[in-house]
file start_28.csv (CSV, C-alpha atoms)
chain,number,residue,atom,x,y,z
A,1,MET,CA,24.8,75.5,-37.6
A,2,PRO,CA,28.2,75.4,-39.5
A,3,THR,CA,29.5,71.9,-40.1
A,4,SER,CA,33.0,70.7,-39.3
A,5,ALA,CA,35.2,67.9,-40.7
A,6,PRO,CA,34.2,64.6,-39.0
A,7,PRO,CA,36.7,63.5,-36.3
A,8,THR,CA,38.4,60.1,-36.9
A,9,LEU,CA,38.6,58.3,-33.5
A,10,VAL,CA,40.7,55.3,-32.6
A,11,HIS,CA,39.1,53.2,-29.8
A,12,THR,CA,41.4,50.8,-28.0
A,13,SER,CA,41.2,49.3,-24.5
A,14,ASP,CA,42.5,46.9,-21.8
A,15,TRP,CA,46.2,47.3,-22.5
A,16,HIS,CA,47.1,45.8,-19.0
A,17,LEU,CA,50.6,47.3,-19.0
A,18,GLY,CA,52.7,45.3,-16.6
A,19,HIS,CA,50.8,42.1,-17.1
A,20,GLU,CA,52.5,38.7,-16.6
A,21,LEU,CA,51.3,35.4,-17.8
A,22,ALA,CA,52.4,32.4,-15.6
A,23,ASP,CA,55.3,34.6,-14.4
A,24,HIS,CA,56.3,35.5,-18.0
A,25,PRO,CA,56.5,39.3,-18.5
A,26,ARG,CA,54.7,40.8,-21.5
A,27,GLU,CA,56.7,44.0,-21.7
A,28,ALA,CA,58.2,43.2,-25.1
A,29,GLU,CA,54.7,42.4,-26.6
A,30,HIS,CA,53.4,45.7,-25.2
A,31,ARG,CA,56.4,47.5,-26.8
A,32,LEU,CA,55.6,46.1,-30.2
A,33,PHE,CA,51.9,46.9,-29.8
A,34,LEU,CA,52.4,50.5,-28.8
A,35,ALA,CA,54.9,51.0,-31.7
A,36,TRP,CA,52.3,49.6,-34.1
A,37,LEU,CA,49.6,51.8,-32.6
A,38,LEU,CA,51.7,54.9,-33.1
A,39,ASP,CA,52.0,54.0,-36.8
A,40,GLN,CA,48.2,53.4,-37.0
A,41,LEU,CA,47.5,56.8,-35.5
A,42,ASP,CA,49.4,58.2,-38.5
A,43,GLU,CA,48.0,55.8,-41.1
A,44,GLN,CA,44.4,56.4,-39.9
A,45,SER,CA,44.9,60.2,-39.7
A,46,ALA,CA,43.5,59.9,-36.2
A,47,ASP,CA,42.1,63.0,-34.5
A,48,VAL,CA,41.2,61.3,-31.2
A,49,LEU,CA,42.7,58.3,-29.3
A,50,LEU,CA,40.3,56.8,-26.7
A,51,VAL,CA,41.5,54.2,-24.3
A,52,THR,CA,38.5,52.8,-22.3
A,53,GLY,CA,40.2,51.5,-19.1
A,54,ASP,CA,42.5,48.9,-17.6
A,55,VAL,CA,45.6,50.7,-18.9
A,56,TYR,CA,47.5,48.9,-16.2
A,57,ASP,CA,47.2,45.3,-15.0
A,58,VAL,CA,47.3,46.2,-11.3
A,59,ALA,CA,46.5,49.2,-9.1
A,60,ASN,CA,50.2,49.6,-8.2
A,61,PRO,CA,51.9,49.1,-11.6
A,62,PRO,CA,55.7,48.5,-12.0
A,63,VAL,CA,57.8,51.5,-13.0
A,64,SER,CA,58.4,49.8,-16.4
A,65,ALA,CA,54.7,49.9,-17.1
A,66,MET,CA,54.3,53.6,-16.2
A,67,ARG,CA,57.4,54.3,-18.3
A,68,GLN,CA,55.7,52.6,-21.3
A,69,LEU,CA,52.6,54.7,-20.9
A,70,TYR,CA,54.4,58.0,-20.5
A,71,GLY,CA,56.8,57.2,-23.4
A,72,PHE,CA,53.8,56.4,-25.6
A,73,LEU,CA,52.0,59.6,-24.8
A,74,HIS,CA,55.1,61.7,-25.4
A,75,GLU,CA,55.7,60.1,-28.8
A,76,ALA,CA,52.0,60.2,-29.8
A,77,CYS,CA,51.8,63.9,-29.0
A,78,ARG,CA,55.1,64.7,-30.7
A,79,ARG,CA,54.1,62.9,-33.9
A,80,ARG,CA,50.6,64.2,-34.0
A,81,PRO,CA,50.4,67.7,-32.3
A,82,ALA,CA,46.7,68.0,-32.9
A,83,LEU,CA,45.8,64.5,-31.5
A,84,GLN,CA,43.4,64.4,-28.6
A,85,VAL,CA,44.0,61.5,-26.1
A,86,VAL,CA,41.4,60.5,-23.6
A,87,ILE,CA,42.3,57.7,-21.1
A,88,LEU,CA,39.7,56.2,-18.7
A,89,GLY,CA,40.4,54.3,-15.6
A,90,GLY,CA,39.3,50.7,-15.4
A,91,ASN,CA,38.6,48.2,-12.6
A,92,HIS,CA,42.3,47.1,-12.6
A,93,ASP,CA,43.5,50.7,-12.4
A,94,SER,CA,44.2,52.9,-9.5
A,95,ALA,CA,42.3,56.2,-10.2
A,96,GLY,CA,45.2,58.2,-8.7
A,97,LYS,CA,47.8,56.4,-10.8
A,98,ILE,CA,45.8,57.1,-14.0
A,99,GLU,CA,45.3,60.8,-13.2
A,100,LEU,CA,48.8,61.4,-11.9
A,101,PRO,CA,50.3,62.6,-15.3
A,102,GLY,CA,47.4,65.0,-15.7
A,103,HIS,CA,48.8,67.2,-12.9
A,104,LEU,CA,52.0,67.6,-15.0
A,105,LEU,CA,50.4,67.9,-18.4
A,106,GLY,CA,47.7,70.3,-17.4
A,107,GLU,CA,44.6,70.9,-19.6
A,108,GLY,CA,45.3,70.2,-23.3
A,109,GLN,CA,46.0,67.3,-25.5
A,110,VAL,CA,45.7,64.5,-23.0
A,111,ARG,CA,42.6,64.0,-20.7
A,112,LEU,CA,43.0,61.4,-18.0
A,113,VAL,CA,39.8,60.4,-16.1
A,114,GLY,CA,40.6,57.9,-13.4
A,115,SER,CA,37.4,58.3,-11.3
A,116,LEU,CA,34.2,60.1,-11.3
A,117,PRO,CA,34.7,63.8,-10.6
A,118,ARG,CA,32.2,65.0,-7.9
A,119,ARG,CA,30.4,68.3,-7.1
A,120,ASP,CA,27.9,68.9,-4.4
A,121,GLY,CA,27.8,65.2,-3.4
A,122,GLN,CA,27.2,63.7,-6.8
A,123,ALA,CA,29.1,62.9,-10.0
A,124,ASP,CA,29.9,66.1,-12.0
A,125,ALA,CA,28.5,65.3,-15.4
A,126,GLU,CA,29.8,68.6,-17.0
A,127,THR,CA,33.4,67.7,-16.1
A,128,LEU,CA,33.1,64.4,-17.9
A,129,LEU,CA,32.3,66.1,-21.2
A,130,VAL,CA,35.1,66.4,-23.8
A,131,PRO,CA,34.7,68.4,-27.1
A,132,LEU,CA,36.2,66.4,-30.0
A,133,ALA,CA,37.7,68.4,-32.9
A,134,GLY,CA,37.8,67.3,-36.5
A,135,ALA,CA,40.6,67.6,-38.9
A,136,ASP,CA,39.9,71.4,-39.2
A,137,GLY,CA,40.2,71.9,-35.5
A,138,GLU,CA,36.6,72.8,-35.0
A,139,THR,CA,34.4,70.9,-32.5
A,140,ALA,CA,32.5,68.2,-34.4
A,141,ALA,CA,31.4,65.8,-31.6
A,142,TRP,CA,31.3,65.4,-27.9
A,143,LEU,CA,32.5,62.6,-25.7
A,144,ALA,CA,31.1,61.7,-22.3
A,145,ALA,CA,34.3,60.2,-20.6
A,146,VAL,CA,32.8,57.9,-17.9
A,147,PRO,CA,35.5,55.7,-16.2
A,148,PHE,CA,34.9,52.5,-14.2
A,149,CYS,CA,32.4,53.2,-11.4
A,150,ARG,CA,33.2,51.5,-8.1
A,151,PRO,CA,30.3,50.6,-5.8
A,152,GLY,CA,31.0,53.7,-3.6
A,153,ASP,CA,31.4,56.1,-6.5
A,154,LEU,CA,27.8,56.6,-7.3
A,155,GLY,CA,26.5,58.0,-4.0
A,156,ALA,CA,22.7,57.9,-4.0
A,157,GLU,CA,22.4,57.4,-7.7
A,158,THR,CA,22.2,54.1,-9.6
A,159,LEU,CA,24.4,53.5,-12.6
A,160,GLN,CA,21.3,53.9,-14.8
A,161,GLN,CA,20.6,57.3,-13.3
A,162,LEU,CA,24.2,58.4,-13.7
A,163,TYR,CA,24.3,57.5,-17.4
A,164,THR,CA,20.9,59.1,-18.0
A,165,ARG,CA,22.0,62.3,-16.4
A,166,VAL,CA,25.4,62.3,-18.2
A,167,ALA,CA,23.7,61.6,-21.6
A,168,ASP,CA,21.2,64.4,-21.1
A,169,THR,CA,23.9,66.8,-20.1
A,170,ALA,CA,26.0,65.8,-23.1
A,171,PHE,CA,23.2,66.2,-25.6
A,172,ALA,CA,22.3,69.6,-24.2
A,173,ARG,CA,25.9,70.7,-24.5
A,174,ALA,CA,26.3,69.2,-28.0
A,175,GLU,CA,23.5,71.3,-29.5
A,176,GLY,CA,22.9,68.8,-32.3
A,177,LEU,CA,26.4,67.5,-32.7
A,178,PRO,CA,26.9,63.7,-32.3
A,179,VAL,CA,27.6,62.4,-28.8
A,180,ILE,CA,29.8,59.4,-27.9
A,181,LEU,CA,29.3,57.7,-24.6
A,182,SER,CA,31.9,55.5,-22.9
A,183,GLY,CA,32.4,53.2,-20.0
A,184,HIS,CA,34.3,50.4,-18.4
A,185,LEU,CA,31.8,47.7,-17.4
A,186,HIS,CA,30.2,44.4,-18.3
A,187,VAL,CA,27.2,44.7,-20.5
A,188,SER,CA,24.8,41.8,-20.9
A,189,GLY,CA,25.4,39.7,-24.1
A,190,GLY,CA,29.2,40.3,-24.1
A,191,ALA,CA,31.5,37.3,-24.4
A,192,VAL,CA,33.7,36.9,-21.3
A,193,SER,CA,37.3,35.6,-21.0
A,194,GLU,CA,37.1,33.4,-17.8
A,195,LEU,CA,40.8,33.4,-17.0
A,196,SER,CA,41.6,37.1,-17.3
A,197,GLU,CA,38.6,39.3,-16.6
A,198,ARG,CA,37.7,40.1,-13.0
A,199,ARG,CA,34.0,40.3,-12.2
A,200,ILE,CA,32.8,43.8,-11.6
A,201,VAL,CA,29.6,44.4,-9.7
A,202,VAL,CA,27.9,47.8,-9.3
A,203,GLY,CA,24.6,48.1,-7.5
A,204,GLY,CA,24.4,44.3,-7.1
A,205,GLN,CA,24.5,43.7,-10.8
A,206,GLU,CA,27.4,41.9,-12.5
A,207,ALA,CA,26.2,42.6,-16.1
A,208,GLU,CA,24.3,45.8,-17.0
A,209,ALA,CA,21.6,45.9,-19.7
A,210,ALA,CA,22.4,47.6,-23.0
A,211,SER,CA,19.4,49.9,-22.3
A,212,LEU,CA,21.8,51.7,-19.9
A,213,PHE,CA,22.9,53.8,-22.9
A,214,ASP,CA,20.9,56.5,-24.5
A,215,PRO,CA,19.7,55.4,-28.0
A,216,ARG,CA,20.6,58.8,-29.4
A,217,ALA,CA,24.3,58.1,-28.9
A,218,ALA,CA,26.3,57.9,-32.1
A,219,TYR,CA,28.6,55.4,-30.5
A,220,VAL,CA,29.3,53.8,-27.1
A,221,ALA,CA,32.9,52.9,-26.5
A,222,LEU,CA,33.4,50.2,-23.9
A,223,GLY,CA,36.2,48.5,-22.0
A,224,HIS,CA,36.5,45.5,-19.8
A,225,LEU,CA,35.8,42.5,-22.0
A,226,HIS,CA,38.8,41.4,-24.0
A,227,ARG,CA,37.2,40.1,-27.1
A,228,PRO,CA,36.4,42.8,-29.7
A,229,GLN,CA,32.7,42.7,-30.1
A,230,GLN,CA,29.5,44.6,-30.8
A,231,ILE,CA,26.6,44.5,-28.4
A,232,ALA,CA,23.0,44.3,-29.5
A,233,ALA,CA,21.5,47.6,-28.5
A,234,GLU,CA,19.4,50.5,-29.9
A,235,CYS,CA,22.7,52.4,-30.7
A,236,LEU,CA,26.1,51.2,-31.7
A,237,VAL,CA,27.8,49.7,-28.7
A,238,ARG,CA,31.3,48.2,-29.0
A,239,TYR,CA,34.1,46.7,-26.9
A,240,ALA,CA,37.5,47.4,-28.5
A,241,GLY,CA,39.1,44.4,-26.7
A,242,SER,CA,42.6,43.9,-25.5
A,243,PRO,CA,45.7,44.2,-27.8
A,244,PHE,CA,46.7,40.5,-27.5
A,245,PRO,CA,45.7,37.4,-25.5
A,246,LEU,CA,45.9,37.9,-21.8
A,247,SER,CA,45.1,34.3,-21.1
A,248,ALA,CA,45.0,30.9,-22.9
A,249,THR,CA,41.2,31.3,-23.3
A,250,GLU,CA,41.8,34.3,-25.6
A,251,ARG,CA,43.9,32.4,-28.0
A,252,PRO,CA,41.2,32.2,-30.7
A,253,TYR,CA,40.4,35.9,-30.6
A,254,ARG,CA,41.2,38.3,-33.5
A,255,HIS,CA,42.4,41.3,-31.6
A,256,SER,CA,41.9,44.7,-33.1
A,257,ILE,CA,41.4,48.4,-32.7
A,258,THR,CA,38.2,50.2,-33.7
A,259,VAL,CA,38.4,53.2,-36.0
A,260,LEU,CA,35.3,55.3,-36.4
A,261,GLU,CA,34.3,58.5,-38.1
A,262,VAL,CA,31.4,60.5,-36.7
A,263,SER,CA,29.8,63.0,-39.1
A,264,PRO,CA,28.1,66.1,-37.6
A,265,GLU,CA,25.9,66.2,-40.7
A,266,LYS,CA,24.0,63.1,-39.8
A,267,ARG,CA,21.5,62.8,-36.9
A,268,SER,CA,19.9,59.4,-37.5
A,269,GLU,CA,20.9,55.9,-36.6
A,270,GLY,CA,24.2,54.9,-38.2
A,271,GLU,CA,25.9,58.2,-37.9
A,272,ALA,CA,29.2,56.5,-36.9
A,273,GLN,CA,31.1,54.6,-39.6
A,274,VAL,CA,33.1,51.9,-37.9
A,275,ARG,CA,35.8,49.5,-39.1
A,276,GLU,CA,38.2,47.1,-37.4
A,277,VAL,CA,41.9,47.1,-37.9
A,278,LEU,CA,43.5,43.8,-36.9
A,279,ILE,CA,46.5,44.0,-34.5
A,280,PRO,CA,49.5,41.8,-35.5
A,281,ARG,CA,49.9,39.1,-32.8
A,282,PRO,CA,53.4,39.7,-31.4
A,283,VAL,CA,53.8,36.2,-29.9
A,284,PRO,CA,52.1,32.9,-31.0
A,285,PHE,CA,49.8,31.1,-28.6
A,286,LEU,CA,50.1,27.4,-29.0
A,287,ALA,CA,48.1,24.5,-27.5
A,288,VAL,CA,49.0,20.8,-27.4
A,289,PRO,CA,46.9,19.2,-28.6
A,290,GLU,CA,45.4,22.0,-30.7
A,291,THR,CA,41.9,21.1,-29.4
A,292,GLY,CA,40.7,19.0,-26.6
A,293,ALA,CA,43.0,16.8,-24.5
A,294,LYS,CA,45.0,13.6,-25.2
A,295,PRO,CA,46.7,11.0,-23.0
A,296,LEU,CA,50.1,11.9,-21.6
A,297,ASP,CA,52.2,9.7,-24.0
A,298,GLU,CA,50.5,11.4,-27.0
A,299,VAL,CA,51.0,14.8,-25.5
A,300,VAL,CA,54.7,14.2,-25.0
A,301,GLY,CA,55.0,13.0,-28.6
A,302,LEU,CA,53.3,16.1,-29.9
A,303,ILE,CA,55.5,18.4,-27.9
A,304,GLU,CA,58.7,16.6,-29.1
A,305,ALA,CA,57.4,16.9,-32.7
A,306,LEU,CA,57.0,20.7,-32.6
A,307,GLU,CA,59.1,22.6,-35.1
A,308,LEU,CA,60.0,26.0,-33.7
A,309,ASP,CA,62.1,29.1,-34.6
A,310,ASP,CA,65.0,29.0,-32.2
A,311,SER,CA,66.3,32.4,-33.3
A,312,LEU,CA,63.6,34.4,-31.4
A,313,ALA,CA,64.5,36.5,-28.4
A,314,PRO,CA,63.4,34.7,-25.2
A,315,GLU,CA,60.7,37.3,-24.5
A,316,LEU,CA,59.1,36.6,-27.9
A,317,THR,CA,59.1,32.9,-27.9
A,318,PRO,CA,55.6,31.2,-28.2
A,319,PHE,CA,53.4,30.5,-25.2
A,320,LEU,CA,52.2,27.0,-24.7
A,321,GLU,CA,49.2,25.4,-22.9
A,322,VAL,CA,49.2,21.6,-22.5
A,323,ASN,CA,46.0,19.6,-22.0
A,324,VAL,CA,46.3,16.1,-20.7
A,325,LEU,CA,43.6,13.5,-20.6
A,326,VAL,CA,43.9,11.5,-17.4
A,327,THR,CA,42.0,8.4,-16.0
A,328,GLY,CA,43.6,8.5,-12.5
A,329,PRO,CA,46.8,9.7,-10.7
A,330,GLU,CA,49.7,10.6,-13.0
A,331,PRO,CA,52.6,11.1,-10.5
A,332,HIS,CA,55.1,11.9,-13.2
A,333,LEU,CA,52.9,14.1,-15.4
A,334,GLN,CA,54.6,17.4,-14.8
A,335,ALA,CA,58.1,15.9,-14.9
A,336,ARG,CA,57.6,14.3,-18.3
A,337,ILE,CA,56.1,17.4,-19.8
A,338,HIS,CA,58.9,19.6,-18.5
A,339,ALA,CA,61.5,17.1,-19.8
A,340,ALA,CA,59.9,17.3,-23.3
A,341,LEU,CA,60.0,21.1,-23.1
A,342,ALA,CA,63.6,21.3,-21.9
A,343,ASP,CA,65.2,22.3,-25.2
A,344,LYS,CA,62.2,23.9,-26.8
A,345,PRO,CA,62.0,27.7,-27.3
A,346,LEU,CA,58.6,27.8,-25.6
A,347,ARG,CA,57.1,29.4,-22.5
A,348,LEU,CA,54.6,27.1,-20.6
A,349,THR,CA,51.5,28.9,-19.3
A,350,ARG,CA,49.7,26.0,-17.7
A,351,ILE,CA,49.1,22.2,-17.7
A,352,VAL,CA,45.3,21.3,-17.7
A,353,ARG,CA,44.4,17.9,-16.5
A,354,GLN,CA,41.0,16.7,-17.9
A,355,VAL,CA,39.3,13.6,-16.5
A,356,ALA,CA,38.3,11.0,-19.2
A,357,GLY,CA,34.6,11.0,-19.5
A,358,SER,CA,34.1,14.5,-18.0
A,359,ALA,CA,32.9,17.6,-19.8
A,360,GLU,CA,35.5,19.1,-22.0
A,361,GLY,CA,37.7,21.5,-20.1
A,362,ALA,CA,36.7,20.2,-16.7
A,363,PRO,CA,39.7,20.1,-14.4
A,364,ALA,CA,40.6,16.8,-12.7
A,365,SER,CA,41.1,18.4,-9.3
A,366,LEU,CA,41.7,21.8,-7.7
A,367,SER,CA,45.4,21.4,-7.1
A,368,ALA,CA,47.6,24.4,-6.2
A,369,THR,CA,48.4,24.8,-9.9
A,370,ASP,CA,44.7,24.8,-10.9
A,371,LEU,CA,43.8,27.3,-8.2
A,372,ALA,CA,46.4,29.7,-9.6
A,373,ASP,CA,44.8,29.5,-13.0
A,374,LEU,CA,41.1,29.6,-12.1
A,375,MET,CA,39.0,32.7,-11.4
A,376,PRO,CA,37.8,32.9,-7.8
A,377,GLU,CA,34.2,32.4,-8.8
A,378,ALA,CA,35.1,29.2,-10.6
A,379,VAL,CA,36.7,27.9,-7.5
A,380,PHE,CA,33.7,28.8,-5.5
A,381,ALA,CA,31.3,27.1,-7.9
A,382,SER,CA,33.5,24.0,-7.9
A,383,LEU,CA,33.6,23.8,-4.1
A,384,HIS,CA,29.9,24.3,-3.9
A,385,ALA,CA,29.3,21.5,-6.4
A,386,GLN,CA,31.5,19.2,-4.4
A,387,ARG,CA,29.7,20.0,-1.1
A,388,PHE,CA,26.1,19.9,-2.5
A,389,GLY,CA,26.0,17.0,-4.8
A,390,GLY,CA,27.0,18.7,-8.0
A,391,GLU,CA,24.5,21.6,-7.8
A,392,PRO,CA,25.8,25.0,-8.9
A,393,PRO,CA,25.3,27.9,-6.4
A,394,ALA,CA,21.9,29.7,-6.5
A,395,GLU,CA,21.8,33.0,-8.4
A,396,ASP,CA,21.5,35.1,-5.2
A,397,LEU,CA,24.3,33.2,-3.5
A,398,ALA,CA,26.6,33.6,-6.6
A,399,ARG,CA,25.7,37.4,-6.7
A,400,ALA,CA,26.6,37.7,-3.0
A,401,PHE,CA,29.9,36.0,-3.5
A,402,ALA,CA,30.6,38.3,-6.5
A,403,GLU,CA,29.9,41.4,-4.4
A,404,LEU,CA,32.2,40.1,-1.6
A,405,LEU,CA,34.9,39.4,-4.2
A,406,VAL,CA,34.6,42.9,-5.7
A,407,GLU,CA,34.8,44.5,-2.3
A,408,ALA,CA,37.9,42.4,-1.4
A,409,GLN,CA,39.5,43.4,-4.7
A,410,HIS,CA,38.7,47.0,-4.0
A,411,MET,CA,40.4,46.8,-0.6
A,412,ASP,CA,43.4,45.2,-2.2
A,413,ASN,CA,43.6,48.0,-4.7
A,414,ILE,CA,43.5,50.6,-1.9
A,415,ALA,CA,46.3,48.7,-0.1
A,416,GLU,CA,48.4,48.4,-3.2
A,417,GLY,CA,47.9,52.1,-3.9
A,418,GLU,CA,49.1,53.0,-0.4
A,419,ALA,CA,52.1,50.6,-0.7
call {"tool": "encode", "arguments": {"input": "start_28.csv", "output": "structure tokens"}}
result
Amino acid sequence: MPTSAPPTLVHTSDWHLGHELADHPREAEHRLFLAWLLDQLDEQSADVLLVTGDVYDVANPPVSAMRQLYGFLHEACRRRPALQVVILGGNHDSAGKIELPGHLLGEGQVRLVGSLPRRDGQADAETLLVPLAGADGETAAWLAAVPFCRPGDLGAETLQQLYTRVADTAFARAEGLPVILSGHLHVSGGAVSELSERRIVVGGQEAEAASLFDPRAAYVALGHLHRPQQIAAECLVRYAGSPFPLSATERPYRHSITVLEVSPEKRSEGEAQVREVLIPRPVPFLAVPETGAKPLDEVVGLIEALELDDSLAPELTPFLEVNVLVTGPEPHLQARIHAALADKPLRLTRIVRQVAGSAEGAPASLSATDLADLMPEAVFASLHAQRFGGEPPAEDLARAFAELLVEAQHMDNIAEGEA
């Protein structure tokens, strides 16, 4: 078989266009990230751009978010006429909103896969396959573009059966060329960001085993988890992560894109060469104190001592999380913190109250503010502990709650899509 120049693929994910953090818009940060990514596509001589889901933050994204996506696609295709772009739908996305531009673009540079295509009552594995060209324009690898699979998308198949069938179809079509698998799901062993990642449950399972993926794959490109990370598996499995922190819990992350070259001349393990390229953080994420929590008087003093750049545009000023150690009611806590912040070029994301003597990070109470910050399953676990003497919910009960939560979110997505 004649060989072709290996394609250079840029893997990125979880953009969450339209995202707001504590009512602070992130449009300026997304603008800076997308401009940087355009430059990276040139610098890395990219042949393929793969976005593995959660392009938007909500199923019914604002017009400004859609404008950012379409503007980026237009400029990427203008600057790199041979670039292939593949965008998958995620659990935050509406499949219809993801696929909408495809009806205008037609078959060509940009492939948009919002949901599983179906034929004869089951997912159409052939339609999910995308030939990837190298620098010389010849097909050098194949991509199985699998989007987020909602509980009703699989029909009679399990997720394992779907991925097995898709992989077998891909390897048969590839005829010896490398195959890249993809998906938007939670794989066991991945580090989760509790404040910004919704649980996704398919077939009663929250996290899938890495054995879901065919070990013959040259690379498995995943979305959903926001920390860039590699998963222990028989093949190379990697989350690209989000472009910048989407919650305070992601402040320590080193966000990046993944760049890989897949050589059609290699058939054994390690046929994909992978490297990370760190993404410049557009806006600092600060915490007072930097770690742990301190009494209110000390926290106020630390805020007042902050030295900040007051020349920044308001939409690029730092975010701030405040952690206060409390021993009882603090009726003036919020008022004192807001007073200390009054003349500071900062955007407050949340105030966390930690009870002295409790586990680090444990909230003092489930106030309205805390409920806005917590994930639903964290609220459920906290209420269960209060009702049943501190005991966490049993595994089957937690799974049942997670399934109900996913179904409720799915119904919300349908309602938002129809709005």
call {"tool": "residues_around", "arguments": {"input": "start_28.csv", "residues": "Gly102 (chain A)", "least_positions_apart": "4", "cutoff": "12 Å", "atoms": "all atoms listed in the file", "output": "ChimeraX atom specification"}}
result
/A:70,73,85-87,95-98,106-114
call {"tool": "atom_distance", "arguments": {"input": "start_28.csv", "atom1": "CA of Thr317 (chain A)", "atom2": "CA of Trp15 (chain A)"}}
result
20.1 Å
call {"tool": "closest_residue", "arguments": {"input": "start_28.csv", "among": "A:Ala335, A:Leu132, A:Ala356, A:Ala35", "to": "Ala145 (chain A)", "atoms": "all atoms listed in the file"}}
result
A:Leu132
call {"tool": "residues_around", "arguments": {"input": "start_28.csv", "residues": "region 160-175 of chain A", "least_positions_apart": "2", "cutoff": "12 Å", "atoms": "only C-alpha atoms", "output": "number ranges by chain"}}
result
A: 1-2, 116, 118, 122-132, 139-147, 149, 153-158, 177-183, 202-203, 205, 208-220, 264, 267
call {"tool": "atom_distance", "arguments": {"input": "start_28.csv", "atom1": "CA of Ala221 (chain A)", "atom2": "CA of Leu34 (chain A)"}}
result
19.8 Å
call {"tool": "closest_residue", "arguments": {"input": "start_28.csv", "among": "A:Ala82, A:Val352, A:Val58, A:Val259", "to": "Gly134 (chain A)", "atoms": "only C-alpha atoms"}}
result
A:Ala82
call {"tool": "atom_distance", "arguments": {"input": "start_28.csv", "atom1": "CA of Glu27 (chain A)", "atom2": "CA of Pro318 (chain A)"}}
result
14.4 Å
call {"tool": "residues_around", "arguments": {"input": "start_28.csv", "residues": "region 41-44 of chain A", "least_positions_apart": "3", "cutoff": "10 Å", "atoms": "all atoms listed in the file", "output": "number ranges by chain"}}
result
A: 8-10, 36-38, 47-49, 76, 79-80, 83, 259-260, 277
call {"tool": "closest_residue", "arguments": {"input": "start_28.csv", "among": "A:Leu316, A:Val187, A:Ala133, A:Val355", "to": "Ala28 (chain A)", "atoms": "only C-alpha atoms"}}
result
A:Leu316
call {"tool": "residues_around", "arguments": {"input": "start_28.csv", "residues": "Ile351 (chain A)", "least_positions_apart": "5", "cutoff": "8 Å", "atoms": "all atoms listed in the file", "output": "MDAnalysis selection string"}}
result
chainID A and resid 321:324 334
call {"tool": "closest_residue", "arguments": {"input": "start_28.csv", "among": "A:Glu298, A:Asp54, A:Glu315, A:Asp310", "to": "Lys344 (chain A)", "atoms": "all atoms listed in the file"}}
result
A:Asp310
call {"tool": "residues_around", "arguments": {"input": "start_28.csv", "residues": "region 338-340 of chain A", "least_positions_apart": "4", "cutoff": "9 Å", "atoms": "all atoms listed in the file", "output": "PyMOL selection string"}}
result
chain A and resi 300-301+303-304+333-334+344+348
call {"tool": "closest_residue", "arguments": {"input": "start_28.csv", "among": "A:Ser256, A:Ala272, A:Thr249, A:Ser311", "to": "Leu236 (chain A)", "atoms": "only C-alpha atoms"}}
result
A:Ala272
call {"tool": "closest_residue", "arguments": {"input": "start_28.csv", "among": "A:Tyr239, A:Tyr56, A:Phe33, A:Phe72", "to": "Val283 (chain A)", "atoms": "only C-alpha atoms"}}
result
A:Phe33
